[in-house]
Every structure is written in structure tokens, then in C-alpha cells.
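A.B. asks: So here's upload_2.cif, just mmCIF, C-alpha atoms and all ligand atoms:
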```cif
data_entry
#
loop_
_atom_site.label_atom_id
_atom_site.label_comp_id
_atom_site.auth_asym_id
_atom_site.auth_seq_id
_atom_site.Cartn_x
_atom_site.Cartn_y
_atom_site.Cartn_z
CA MET A 1 -5.88 -14.28 9.56
CA THR A 2 -5.83 -13.49 5.85
CA ARG A 3 -4.71 -16.26 3.55
CA LEU A 4 -2.50 -14.83 0.84
CA THR A 5 -3.40 -15.56 -2.78
CA THR A 6 -1.32 -16.16 -5.89
CA GLU A 7 -2.75 -12.96 -7.37
CA TRP A 8 -1.29 -10.94 -4.46
CA VAL A 9 2.18 -12.48 -4.45
CA GLU A 10 2.85 -13.18 -8.15
CA PRO A 11 3.78 -9.55 -9.00
CA MET A 12 6.79 -9.92 -6.65
CA LEU A 13 8.42 -12.40 -9.01
CA THR A 14 9.20 -9.62 -11.48
CA GLY A 15 8.46 -6.46 -9.52
CA MET A 16 11.04 -6.32 -6.72
CA GLU A 17 13.27 -3.74 -8.39
CA ASP A 18 10.37 -1.30 -8.72
CA TYR A 19 9.20 -2.16 -5.20
CA ASN A 20 12.59 -1.34 -3.69
CA ARG A 21 12.81 1.91 -5.69
CA VAL A 22 9.41 3.11 -4.46
CA LEU A 23 10.15 2.07 -0.85
CA LYS A 24 13.45 3.98 -0.99
CA PHE A 25 11.70 7.07 -2.34
CA ARG A 26 9.05 6.97 0.37
CA THR A 27 11.20 6.00 3.38
CA GLY A 28 14.81 6.64 2.37
CA MET A 29 15.51 2.89 2.59
CA ASN A 30 15.18 -0.18 0.38
CA LEU A 31 14.42 -3.56 2.00
CA CYS A 32 18.04 -4.39 2.78
CA GLU A 33 18.57 -0.95 4.35
CA LEU A 34 15.38 -1.37 6.36
CA MET A 35 16.72 -4.67 7.73
CA LYS A 36 20.05 -3.02 8.54
CA ARG A 37 18.41 -0.11 10.35
CA THR A 38 15.98 -2.31 12.27
CA PHE A 39 18.73 -4.47 13.75
CA ASN A 40 21.59 -1.94 13.78
CA PHE A 41 23.65 -4.18 11.49
CA SER A 42 26.93 -2.80 10.19
CA CYS A 43 27.60 -2.72 6.43
CA GLU A 44 30.42 -5.24 6.99
CA TYR A 45 28.12 -7.68 8.74
CA VAL A 46 25.46 -7.48 6.01
CA ASP A 47 28.06 -7.88 3.26
CA ARG A 48 29.52 -10.92 5.01
CA MET A 49 26.09 -12.48 5.52
CA LYS A 50 25.26 -11.93 1.83
CA LYS A 51 28.33 -13.99 0.92
CA GLU A 52 28.01 -16.66 3.60
CA ILE A 53 24.29 -17.28 4.06
CA ARG A 54 22.09 -19.50 1.90
CA VAL A 55 18.37 -19.03 2.28
CA GLY A 56 16.06 -21.96 1.53
CA VAL A 57 12.29 -21.70 1.12
CA VAL A 58 10.29 -24.84 1.91
CA PRO A 59 6.80 -25.14 0.34
CA VAL A 60 4.26 -26.52 2.83
CA THR A 61 1.23 -28.59 1.73
CA GLN A 62 -0.43 -28.80 5.19
CA GLY A 63 -3.98 -27.47 5.64
CA GLU A 64 -5.18 -25.50 2.64
CA GLY A 65 -2.00 -26.40 0.78
CA ILE A 66 0.44 -24.67 -1.52
CA ILE A 67 -0.26 -21.10 -2.64
CA GLY A 68 1.03 -20.77 -6.20
CA CYS A 69 4.11 -18.46 -6.33
CA PHE A 70 4.22 -18.03 -2.52
CA SER A 71 7.61 -19.72 -2.00
CA GLU A 72 8.97 -18.14 -5.18
CA SER A 73 7.89 -14.69 -4.01
CA ILE A 74 9.77 -15.14 -0.71
CA ALA A 75 12.86 -16.12 -2.69
CA ALA A 76 12.36 -13.02 -4.90
CA ILE A 77 12.10 -10.71 -1.86
CA VAL A 78 15.21 -12.17 -0.21
CA GLY A 79 17.02 -12.18 -3.57
CA SER A 80 16.22 -8.47 -4.05
CA MET A 81 18.07 -7.80 -0.78
CA GLY A 82 21.25 -9.28 -2.26
CA PHE A 83 21.05 -12.70 -0.56
CA SER A 84 21.04 -16.02 -2.36
CA ALA A 85 17.69 -17.75 -2.02
CA GLU A 86 16.37 -21.00 -3.46
CA VAL A 87 13.02 -22.79 -3.36
CA MET A 88 13.11 -26.49 -2.47
CA THR A 89 11.75 -28.95 -5.02
CA HIS A 90 10.37 -31.13 -2.20
CA THR A 91 7.72 -30.02 0.29
CA ASP A 92 7.17 -30.25 4.04
CA VAL A 93 9.55 -32.48 6.05
CA ASP A 94 11.13 -33.75 2.86
CA GLY A 95 11.73 -30.12 1.86
CA ILE A 96 13.44 -29.38 5.20
CA TYR A 97 15.62 -32.45 4.62
CA GLU A 98 16.45 -31.14 1.14
CA ALA A 99 17.32 -27.69 2.56
CA TYR A 100 19.75 -29.19 5.08
CA GLY A 101 21.25 -31.29 2.27
CA ARG A 102 21.78 -28.10 0.25
CA ASN A 103 23.47 -26.46 3.26
CA CYS A 104 20.84 -23.78 3.62
CA ASP A 105 21.41 -21.68 6.74
CA VAL A 106 18.06 -19.88 7.02
CA LEU A 107 14.78 -21.65 6.17
CA PHE A 108 11.52 -19.84 5.39
CA MET A 109 8.23 -21.75 5.55
CA ALA A 110 4.55 -21.09 6.22
CA ASP A 111 1.47 -23.12 7.02
CA ASP A 112 -2.03 -21.72 7.51
CA ASP A 113 -1.26 -20.38 11.00
CA ARG A 114 2.35 -19.31 11.03
CA TYR A 115 4.97 -17.92 8.69
CA LEU A 116 8.42 -18.58 10.12
CA ALA A 117 12.13 -18.11 9.41
CA VAL A 118 14.55 -20.47 11.16
CA ASN A 119 18.29 -19.89 11.40
CA THR A 120 19.60 -23.45 11.62
CA ASN A 121 23.06 -22.29 12.75
CA ARG A 122 21.93 -20.17 15.66
CA HIS A 123 18.88 -21.78 17.21
CA LYS A 124 16.96 -18.64 16.22
CA THR A 125 13.47 -18.16 14.78
CA SER A 126 11.52 -15.17 13.50
CA ASP A 127 7.73 -15.06 13.38
CA ASN A 128 6.06 -13.03 10.65
CA ASN A 129 3.53 -11.32 12.95
CA TYR A 130 6.22 -9.79 15.16
CA ALA A 131 8.57 -9.01 12.25
CA THR A 132 5.79 -7.30 10.31
CA ALA A 133 4.81 -5.14 13.30
CA LEU A 134 8.44 -4.15 13.90
CA GLY A 135 9.11 -3.48 10.21
CA TYR A 136 6.14 -1.18 9.80
CA ILE A 137 6.98 0.72 12.98
CA LYS A 138 10.46 1.33 11.52
CA VAL A 139 8.93 2.36 8.20
CA LEU A 140 6.66 4.93 9.87
CA GLU A 141 9.60 6.19 11.94
CA ALA A 142 11.59 6.72 8.73
CA MET A 143 8.63 8.51 7.11
CA LYS A 144 8.47 10.82 10.14
CA GLU A 145 12.14 11.65 9.72
CA MET A 146 11.67 12.34 6.02
CA GLY A 147 8.94 14.95 6.72
CA LYS A 148 10.25 18.51 6.67
CA ASP A 149 8.51 19.13 9.98
CA TYR A 150 10.35 16.24 11.63
CA GLU A 151 11.35 18.15 14.76
CA LYS A 152 7.84 19.44 15.33
CA ASN A 153 6.03 16.17 14.72
CA ILE A 154 8.34 13.49 15.99
CA LYS A 155 6.42 13.40 19.26
CA CYS A 156 2.94 13.29 17.66
CA PRO A 157 1.08 10.24 18.93
CA VAL A 158 0.66 7.35 16.48
CA LEU A 159 -2.76 5.88 15.78
CA VAL A 160 -2.71 2.07 15.63
CA ILE A 161 -5.76 0.78 13.76
CA GLY A 162 -6.63 -2.87 14.45
CA HIS A 163 -5.55 -4.67 17.62
CA GLY A 164 -5.43 -8.25 16.37
CA LEU A 165 -2.37 -10.50 16.11
CA VAL A 166 -0.05 -8.00 14.41
CA GLY A 167 -1.56 -4.86 15.96
CA SER A 168 -1.01 -6.17 19.49
CA GLU A 169 2.60 -7.11 18.66
CA ALA A 170 2.98 -3.51 17.45
CA THR A 171 1.61 -1.92 20.63
CA GLU A 172 3.98 -4.04 22.73
CA ILE A 173 6.90 -2.81 20.66
CA LEU A 174 5.67 0.82 20.87
CA ASP A 175 5.39 0.43 24.65
CA GLU A 176 8.99 -0.79 24.80
CA MET A 177 10.10 2.12 22.61
CA GLY A 178 8.19 4.61 24.78
CA THR A 179 6.24 5.90 21.76
CA GLU A 180 2.92 7.61 22.49
CA TYR A 181 0.03 5.89 20.66
CA TYR A 182 -3.72 5.23 20.67
CA VAL A 183 -5.56 2.14 19.49
CA TYR A 184 -8.68 2.21 17.34
CA ASP A 185 -10.41 -1.13 16.74
CA ARG A 186 -13.87 -1.43 15.23
CA ASN A 187 -14.68 -4.00 17.93
CA PRO A 188 -15.30 -1.78 21.02
CA GLU A 189 -14.35 -4.59 23.41
CA VAL A 190 -11.00 -5.14 21.70
CA GLN A 191 -10.37 -1.38 21.71
CA ALA A 192 -11.28 -1.07 25.39
CA GLY A 193 -8.88 -3.94 26.18
CA ALA A 194 -5.91 -2.07 24.68
CA LYS A 195 -3.57 -0.12 26.98
CA HIS A 196 -4.30 3.20 25.25
CA PRO A 197 -7.75 3.08 23.62
CA LEU A 198 -8.67 5.98 21.33
CA PRO A 199 -10.53 8.57 23.42
CA GLU A 200 -14.08 9.31 22.26
CA ASN A 201 -13.29 12.90 21.29
CA LEU A 202 -10.64 11.82 18.76
CA ALA A 203 -11.02 10.32 15.26
CA ILE A 204 -8.68 8.91 12.60
CA ALA A 205 -8.57 12.36 10.97
CA ASP A 206 -6.91 13.79 14.09
CA PHE A 207 -3.73 11.77 13.51
CA LYS A 208 -0.78 12.53 11.28
CA TYR A 209 0.86 9.12 11.77
CA ILE A 210 -1.13 5.94 11.20
CA LEU A 211 -0.22 2.26 11.47
CA ASP A 212 -3.05 0.14 10.07
CA PHE A 213 -3.10 -3.58 10.93
CA THR A 214 -6.64 -4.37 9.75
CA ASN A 215 -7.26 -6.86 6.98
CA GLU A 216 -10.42 -5.72 5.25
CA GLY A 217 -10.13 -3.99 1.90
CA ASP A 218 -11.38 -0.62 0.70
CA TRP A 219 -12.88 0.94 3.84
CA LEU A 220 -10.58 3.87 4.67
CA SER A 221 -11.46 6.87 2.49
CA ALA A 222 -9.84 10.28 2.01
CA ASP A 223 -12.50 12.12 4.03
CA GLN A 224 -11.55 10.04 7.12
CA LEU A 225 -7.89 11.06 6.92
CA ALA A 226 -5.93 14.20 7.86
CA GLU A 227 -4.71 15.99 4.75
CA ASP A 228 -1.06 15.51 5.71
CA ALA A 229 -1.40 11.97 7.12
CA CYS A 230 1.48 9.47 6.83
CA TYR A 231 0.23 5.91 6.56
CA ALA A 232 1.94 2.50 6.86
CA SER A 233 0.05 -0.79 6.62
CA PRO A 234 0.73 -4.48 6.02
CA GLY A 235 -3.00 -5.22 5.92
CA VAL A 236 -4.08 -7.45 3.06
CA PRO A 237 -6.26 -6.57 1.33
CA CYS A 238 -5.39 -2.87 1.55
CA SER A 239 -7.80 -0.69 3.54
CA LEU A 240 -7.39 2.40 1.37
CA THR A 241 -10.01 3.46 -1.14
CA GLU A 242 -8.85 4.94 -4.45
CA ASP A 243 -9.27 8.54 -3.26
CA ALA A 244 -7.36 7.81 -0.03
CA ARG A 245 -4.45 6.39 -2.07
CA GLU A 246 -4.51 9.54 -4.17
CA LEU A 247 -4.55 11.84 -1.11
CA LEU A 248 -1.66 10.01 0.57
CA GLY A 249 0.50 9.52 -2.54
CA ASP A 250 4.12 9.04 -1.41
CA ARG A 251 3.10 9.38 2.25
CA ALA A 252 1.80 5.79 2.22
CA VAL A 253 3.63 2.46 2.41
CA TYR A 254 1.65 -0.78 2.15
CA ASP A 255 2.56 -4.20 0.83
CA ASN A 256 1.53 -7.84 0.98
CA LEU A 257 4.63 -9.66 2.24
CA GLU A 258 7.87 -7.79 1.52
CA ILE A 259 8.59 -5.73 4.68
CA GLY A 260 7.65 -8.57 7.04
CA THR A 261 9.87 -11.00 5.13
CA ALA A 262 12.86 -8.61 5.07
CA VAL A 263 12.62 -8.08 8.85
CA MET A 264 12.26 -11.85 9.43
CA LEU A 265 15.57 -12.36 7.65
CA GLY A 266 17.14 -9.66 9.85
CA GLU A 267 15.78 -11.17 13.05
CA ALA A 268 17.01 -14.63 12.01
CA LEU A 269 20.49 -13.15 11.45
CA SER A 270 20.53 -11.06 14.63
CA GLU A 271 22.35 -11.98 17.85
O1 LIG B 1 3.83 -23.11 1.28
C1 LIG B 1 2.80 -22.60 0.86
O2 LIG B 1 2.66 -22.28 -0.34
C2 LIG B 1 1.64 -22.38 1.82
N1 LIG B 1 1.63 -23.35 2.86
C3 LIG B 1 1.74 -20.96 2.32
C4 LIG B 1 0.72 -20.58 3.36
C5 LIG B 1 0.84 -19.13 3.71
N2 LIG B 1 0.16 -18.86 4.95
C6 LIG B 1 -0.72 -17.88 5.10
O3 LIG B 1 -1.00 -17.10 4.21
C7 LIG B 1 -1.33 -17.80 6.47
N3 LIG B 1 -2.46 -16.94 6.47
C8 LIG B 1 -0.33 -17.42 7.53
C9 LIG B 1 0.35 -16.13 7.28
C10 LIG B 1 0.92 -15.59 8.55
C11 LIG B 1 1.26 -14.15 8.34
N4 LIG B 1 1.32 -13.44 9.56
#
```
Give the structure from the file, written as C-alpha cells.
C.D. replies:
Amino acid sequence: MTRLTTEWVEPMLTGMEDYNRVLKFRTGMNLCELMKRTFNFSCEYVDRMKKEIRVGVVPVTQGEGIIGCFSESIAAIVGSMGFSAEVMTHTDVDGIYEAYGRNCDVLFMADDDRYLAVNTNRHKTSDNNYATALGYIKVLEAMKEMGKDYEKNIKCPVLVIGHGLVGSEATEILDEMGTEYYVYDRNPEVQAGAKHPLPENLAIADFKYILDFTNEGDWLSADQLAEDACYASPGVPCSLTEDARELLGDRAVYDNLEIGTAVMLGEALSE
């Protein structure tokens, strides 16, 4: 599991407006709209939650300790969705105590193994691995709809690259949705263990729609991709080489924390 770094999250402190603008251009939705679509929330419900809910982020020192700007970046993401979010001045259990004292309704916190949102009013949690998988599936779905050839391609199978923690959450969700997909994993045993392993006669370049859940940087180049590929990936660091980013342009969505966090908030607020 990749440990995030300050360098990766710090840009969120000032960059969320730009982030939301680019996401909207590429998918038709900003983060708040993505949350709404994912959980079928009504406008009224979201507006009410924005007024009623206080989000508290608790820094956690356990294990490898605090990542500079991590808690602040979560507050910036949630804030960009129109919710009020505050970072606790205390850490760990003392921070949870502080959050309850401040009447926070939803708590966000992460140690080295798990990044979690907890809705203290509803006995409800959201795990980042599941939320990230779901969020990126919704993002790819929206990108499909944005394509002019939507009708023709909506049934194209999706290629899922990487069948680790997040990739296997994604294939479970795709199974539930009845979406056709194949799994490519560079570990042949992991690939063979998936429900729909990529057949030998197919390669990444044969797929128009790609969900990439790997976490190694700079390995996926333009010559491995179909010319009209649509690509969505939460993998940090980003798999795409410079020429792949150029080829994909606005047909690519990738980030370090934002989509997973937005969907965690939605899941914490869902029934
Ligand atoms: O509070 C802090 O600043 C730190 N305890 C944050 C730790 C963040 N955790 C990670 O980056 C882990 N790799 C877990 C992330 C899970 C994402 N699926």
C-alpha cells in the first residue's frame, strides 16, 4: 500500500478550485456532483447536509506518524464540496475526544493501514479502498457517457489493471453492476485468480475503457494504449508516462486522494 507524501497532498490546499473545474470538464461532474450521483442523493438532501453536518479530521501519529498537510488536504477536499471541515489540534484518541467536543458529525482519520470516515450519528463507516474503487467506476461511467459514441461503446468491456486491495473491490462492484470486464495484473497468479482474467490474445491497447489500480509510477506509455482510450486511475504514483498523458489529454482522470475522499463522505452520509 502506497504511503502518501506531503509533496503529493500539499497542492490540494490551494488547488481544489482548479481540480474541480478540470474534473467537471472531463466527467461532467465536480466532486460534490460525483458524490450526489454515486449515492443518488437529491439536491435537497445535499443542501441540508451542507448546513447540518460538521466534518472533523483527526491527525493520527500511530506507525510512521503524521504526514505533513494530510489532514489539511482532507479538509480542503471536503471544503471544496461545500461542507464545513476542520482539522483537530489534538491527535489520535485525544483528537477524537476533541472532535466529539466540537460536535463533529463525520470524522476522517487514517493510520498506515486504513483511511476511514465515521459518521458518529449513524453508526456508519466508509473505507477508502472501497470508496475509491466505487468513485473511479462512476468516473469512468461518466466519461463513457460524455463520449459522442456513447450508445455504441457503452457495452465495451472495461479493462481493470491491478487486482490488489482497490482493484479487487472494483471487480466486486463491477460484478454487482453486471459490467463486462477483464483483469490484467503483472503477477500471473493474481491475474489467474481473478474472475475474468485477460485472455492471452488481448492486450491493454485493445481496450477503450481502462481502470488502473496499480501503484507504480511511469510505466504505461502511449504505444501501449488505444488511440481513443479513456483512462481513470487512483494509483499513486501515476502509471502514465509523459507521452501517455499527452495522448489521453482530457480522456484521463487521475488523482491522489480527492475522488476517494469525496465518495467516503457520501457513503458516510448514505442510508
Ligand atoms: O494522520 C496522518 O497524517 C497519517 N497518519 C496519515 C496516514 C495516511 N495513510 C496512508 O497513506 C496509508 N498508506 C493508508 C492509505 C489507505 C488508502 N487506501
A.B. asks: Measuring atom to atom with only C-alpha atoms, identify which of A:Gly193, A:Pro188, A:Gly164, A:Pro59 is nearest to A:Leu116.
C.D. replies: A:Pro59
A.B. asks: Return the single residue from A:Val166, A:Met12, A:Val22, A:Val78 that is closest to ligand LIG 1 (chain B), with distances computed using only C-alpha atoms and all ligand atoms.
C.D. replies: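 The closest residue to ligand LIG 1 (chain B) is A:Val166.
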A.B. asks: Please, what distance in Å, to one decimal, runs between atom CA of A:Thr120 and atom CA of A:Tyr136?
C.D. replies: 26.1 Å
A.B. asks: What would the list of residues within 7 Å of (-14.6, 4.8, 19.9) (file frame) look like as a list in words, if all atoms listed in the file are what count?
C.D. replies: Tyr184, Pro188, Leu198, Pro199 and Glu200 of chain A
A.B. asks: Using all atoms listed in the file, determine which residues lie at most 12 Å from A:Val236, disregarding the query and same-chain residues fewer than 6 positions distant; provide the list as a compact mmCIF listing (two decimals) with C-alpha atoms, in the frame of the given file.
C.D. replies:
```txt
# COMPACT_ATOMS: atom_id res chain seq x y z
CA MET A 1 -5.88 -14.28 9.56
CA THR A 2 -5.83 -13.49 5.85
CA ARG A 3 -4.71 -16.26 3.55
CA LEU A 4 -2.50 -14.83 0.84
CA THR A 5 -3.40 -15.56 -2.78
CA GLU A 7 -2.75 -12.96 -7.37
CA TRP A 8 -1.29 -10.94 -4.46
CA VAL A 9 2.18 -12.48 -4.45
CA ASP A 212 -3.05 0.14 10.07
CA PHE A 213 -3.10 -3.58 10.93
CA THR A 214 -6.64 -4.37 9.75
CA ASN A 215 -7.26 -6.86 6.98
CA GLU A 216 -10.42 -5.72 5.25
CA GLY A 217 -10.13 -3.99 1.90
CA ASP A 218 -11.38 -0.62 0.70
CA TYR A 254 1.65 -0.78 2.15
CA ASP A 255 2.56 -4.20 0.83
CA ASN A 256 1.53 -7.84 0.98
CA LEU A 257 4.63 -9.66 2.24
```
A.B. asks: Could you check how far atom CA of A:Pro11 sits from atom CA of A:Ile161, in Å to one decimal?
C.D. replies: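 Between atom CA of A:Pro11 and atom CA of A:Ile161 the gap works out to 26.8 Å.
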A.B. asks: Can you work out which one of A:Met143, A:Ala192, A:Leu202, A:Ala117 has the shortest atom-to-atom distance to A:Lys24, counting only C-alpha atoms?
C.D. replies: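 Counting only C-alpha atoms, the residue closest to A:Lys24 is A:Met143.
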A.B. asks: Using all atoms listed in the file - which residues lie no farther than 12 Å from the point (4.7, -9.4, 12.6) in the file's frame? Write them as a PyMOL selection string.
C.D. replies: chain A and resi 114-117+126-137+164-173+213+233-235+257-264+267
A.B. asks: For ligand LIG 1 (chain B), which residue among A:Glu17, A:Asp113, A:Glu44, A:Glu33 is the nearest when counting all atoms listed in the file?
C.D. replies: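 Result for the nearest residue to ligand LIG 1 (chain B): A:Asp113.
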A.B. asks: Determine, counting all atoms listed in the file, which protein, DNA and RNA residues have an atom within 12 Å of an atom of A:Asp228; residues of the same chain fewer than 5 positions away are not included. Present the result as a PDB file with C-alpha atoms, in the coordinates of the input.
C.D. replies:
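Result file around-v8.pdb:
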```pdb
ATOM      1  CA  LYS A 144       8.470  10.820  10.140  1.00  0.00           C
ATOM      2  CA  GLY A 147       8.940  14.950   6.720  1.00  0.00           C
ATOM      3  CA  LYS A 148      10.250  18.510   6.670  1.00  0.00           C
ATOM      4  CA  ASP A 149       8.510  19.130   9.980  1.00  0.00           C
ATOM      5  CA  ASN A 153       6.030  16.170  14.720  1.00  0.00           C
ATOM      6  CA  ALA A 205      -8.570  12.360  10.970  1.00  0.00           C
ATOM      7  CA  ASP A 206      -6.910  13.790  14.090  1.00  0.00           C
ATOM      8  CA  PHE A 207      -3.730  11.770  13.510  1.00  0.00           C
ATOM      9  CA  LYS A 208      -0.780  12.530  11.280  1.00  0.00           C
ATOM     10  CA  TYR A 209       0.860   9.120  11.770  1.00  0.00           C
ATOM     11  CA  ILE A 210      -1.130   5.940  11.200  1.00  0.00           C
ATOM     12  CA  ALA A 222      -9.840  10.280   2.010  1.00  0.00           C
ATOM     13  CA  ALA A 244      -7.360   7.810  -0.030  1.00  0.00           C
ATOM     14  CA  LEU A 247      -4.550  11.840  -1.110  1.00  0.00           C
ATOM     15  CA  LEU A 248      -1.660  10.010   0.570  1.00  0.00           C
ATOM     16  CA  GLY A 249       0.500   9.520  -2.540  1.00  0.00           C
ATOM     17  CA  ASP A 250       4.120   9.040  -1.410  1.00  0.00           C
ATOM     18  CA  ARG A 251       3.100   9.380   2.250  1.00  0.00           C
ATOM     19  CA  ALA A 252       1.800   5.790   2.220  1.00  0.00           C
TER      20      ALA A 252
END
```
A.B. asks: Give the answer as one residue: which of A:Val139, A:Ala226, A:Ala268, A:Val58 has the shortest atom-to-atom distance to ligand LIG 1 (chain B), using all atoms listed in the file?
C.D. replies: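 For ligand LIG 1 (chain B), the nearest of the candidates is A:Val58.
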A.B. asks: Determine the nearest neighbour of A:Val253 from the options A:Leu23, A:Met81, A:Val190, A:Val106, counting all atoms listed in the file.
C.D. replies: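 For A:Val253, the nearest of the given residues is A:Leu23.
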A.B. asks: Please provide as a list in words all residues within 10 Å of A:Asp105, with the sequence filter that same-chain residues fewer than 2 positions apart are discarded (counting only C-alpha atoms).
C.D. replies: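 The filter keeps Glu52, Ile53, Arg54, Val55, Gly56, Ala99, Tyr100, Arg102, Asn103, Leu107, Val118, Asn119, Thr120, Asn121, Arg122, Ala268 and Leu269 of chain A.
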